[in-house]
Amino acid sequence: MSGHKSVDIGVGKPLPLVGLGTWNVIGDDVGPTVRTALEAGYRHIDTAYGYENEAEIGQALEDCGVDREEVFLTSKIPPRRVGFERETLDGSLKKLRTDYLDLWLIHAPPQPEESVPLWRFLVAAREEGKVRAIGVSNYSTAQIDELVDATGVVPAVNQIKWTPELFDRERMAQLRERGIVLEGFSAIRLTDHDDPTLAKVANAHSVTPAQVLLRWHVQHGVVCLPRSVRPERIRENIDIWNFELSADELRLVDAMSTVV
Ligand SMILES: NC(=O)c1ccc[n+]([C@@H]2O[C@H](COP(=O)([O-])OP(=O)(O)OC[C@H]3O[C@@H](n4cnc5c(N)ncnc54)[C@H](OP(=O)(O)O)[C@@H]3O)[C@@H](O)[C@H]2O)c1
């Protein structure tokens, strides 16, 4: 069926449009969650230094015996780790049991004067080969432009909160114009699954409102990062390739936006 499953960010390995979100997935939940996701076909895992689950994810990936090259692995440096960038990166790598990350993000903007120096560290880490691609999260377009003006290096990704209610065509266009991939987070958690528009579209395709939300992301070329610890939902959230939203249906979901 139609629909791209990944996007090319120029690092040799495509970025899958569906990734496993792992915020709040900790302890004994990590192993079974990662294993179920890999079995269901996920090849993209989104974690962060601050999620305190990198060690368990590294262990799970090793236990599953999946080839490192097959998985797109993202981690993030929190702004509170400014001044400890090297320790943070080396810590993430060690816990994840790998010698490189596919994508390393600044988790959120640090103090304004720290943003460009921190970005320079990410650029250097990429040059060293410890990370293949670098990006940001929770950055405004103006904050991104500041990084690009200072360094000439454009983030591969901006990971931001993204739901139908927050749908912002202008922001999406700004990122696209700059060649930056939008990764959206928290749509499942922050959307009313009983919304009549979602229910109507879901019924038309015999899928769930969550699947409509995720399909809406990927048809816009937006990466989604659904998180669940329930096996049936982990499978449901990547089972979105056998239906397609029509142009009218996409417009209906877009129109849930309250962004003016
Ligand atoms: N960069 C950032 O600042 C940032 C911030 C937030 C999130 N993120 C990333 O984005 C990922 C996703 O965001 P999120 O964790 O906030 O929320 P989410 O994936 O939108 O929602 C997760 C919640 O929805 C439930 N759920 C999952 N699949 C479902 C389905 N098919 N039907 C109904 N309910 C379902 C889960 O419960 P069950 O587990 O019980 O199924 C969980 O409570 C995070 O895990 C993280 O990787 C990044």
# chains A, B, ... in the order shown; residues from 1 in each chain; ligands from 1

call {"tool": "residues_around", "arguments": {"residues": "A:Leu198", "least_positions_apart": "5", "cutoff": "7 Å", "atoms": "only C-alpha atoms", "output": "list in words"}}
result
His193, Pro209 and Val212 of chain A

call {"tool": "residues_near_ligand", "arguments": {"ligand": "ligand 1", "cutoff": "6 Å", "atoms": "only C-alpha atoms and all ligand atoms", "output": "PyMOL selection string"}}
result
chain A and resi 21-23+46-47+107+137+159+185-189+210+225-230+233+236-237

call {"tool": "select_by_dssp", "arguments": {"residues": "stretch 225-255 of chain A", "states": "helix (DSSP H, G or I)", "output": "number ranges by chain"}}
result
A: 231-236, 247-254

call {"tool": "closest_residue", "arguments": {"among": "A:Glu85, A:Asp102, A:Glu128, A:Glu146", "to": "A:Val116", "atoms": "only C-alpha atoms"}}
result
A:Glu146

call {"tool": "closest_atom_pairs", "arguments": {"of": "stretch 86-109 of chain A", "to": "stretch 52-60 of chain A", "cutoff": "6 Å", "atoms": "only C-alpha atoms", "output": "JSON lines"}}
result
{"residue": "A:Lys95", "atom": "CA", "partner": "A:Ala55", "partner_atom": "CA", "distance": 4.2}
{"residue": "A:Leu96", "atom": "CA", "partner": "A:Gly58", "partner_atom": "CA", "distance": 3.8}
{"residue": "A:Arg97", "atom": "CA", "partner": "A:Gly58", "partner_atom": "CA", "distance": 5.2}

call {"tool": "closest_residue", "arguments": {"among": "A:Leu214, A:Val253, A:Leu17, A:Val222", "to": "A:Arg176", "atoms": "only C-alpha atoms"}}
result
A:Val222

call {"tool": "atom_distance", "arguments": {"atom1": "atom CA of A:Leu122", "atom2": "atom CA of A:Arg80"}}
result
15.2 Å

call {"tool": "residues_around", "arguments": {"residues": "A:Pro164", "least_positions_apart": "5", "cutoff": "8 Å", "atoms": "only C-alpha atoms", "output": "list in words"}}
result
Ala187, Thr191, Leu213, Val253, Asp254, Ala255, Met256 and Ser257 of chain A

call {"tool": "closest_residue", "arguments": {"among": "A:Gly10, A:Pro110, A:Pro78, A:Pro231", "to": "A:Asp29", "atoms": "only C-alpha atoms"}}
result
A:Pro231

call {"tool": "closest_residue", "arguments": {"among": "A:Pro109, A:Gly12, A:Pro117, A:Gly50", "to": "A:Val136", "atoms": "only C-alpha atoms"}}
result
A:Pro109
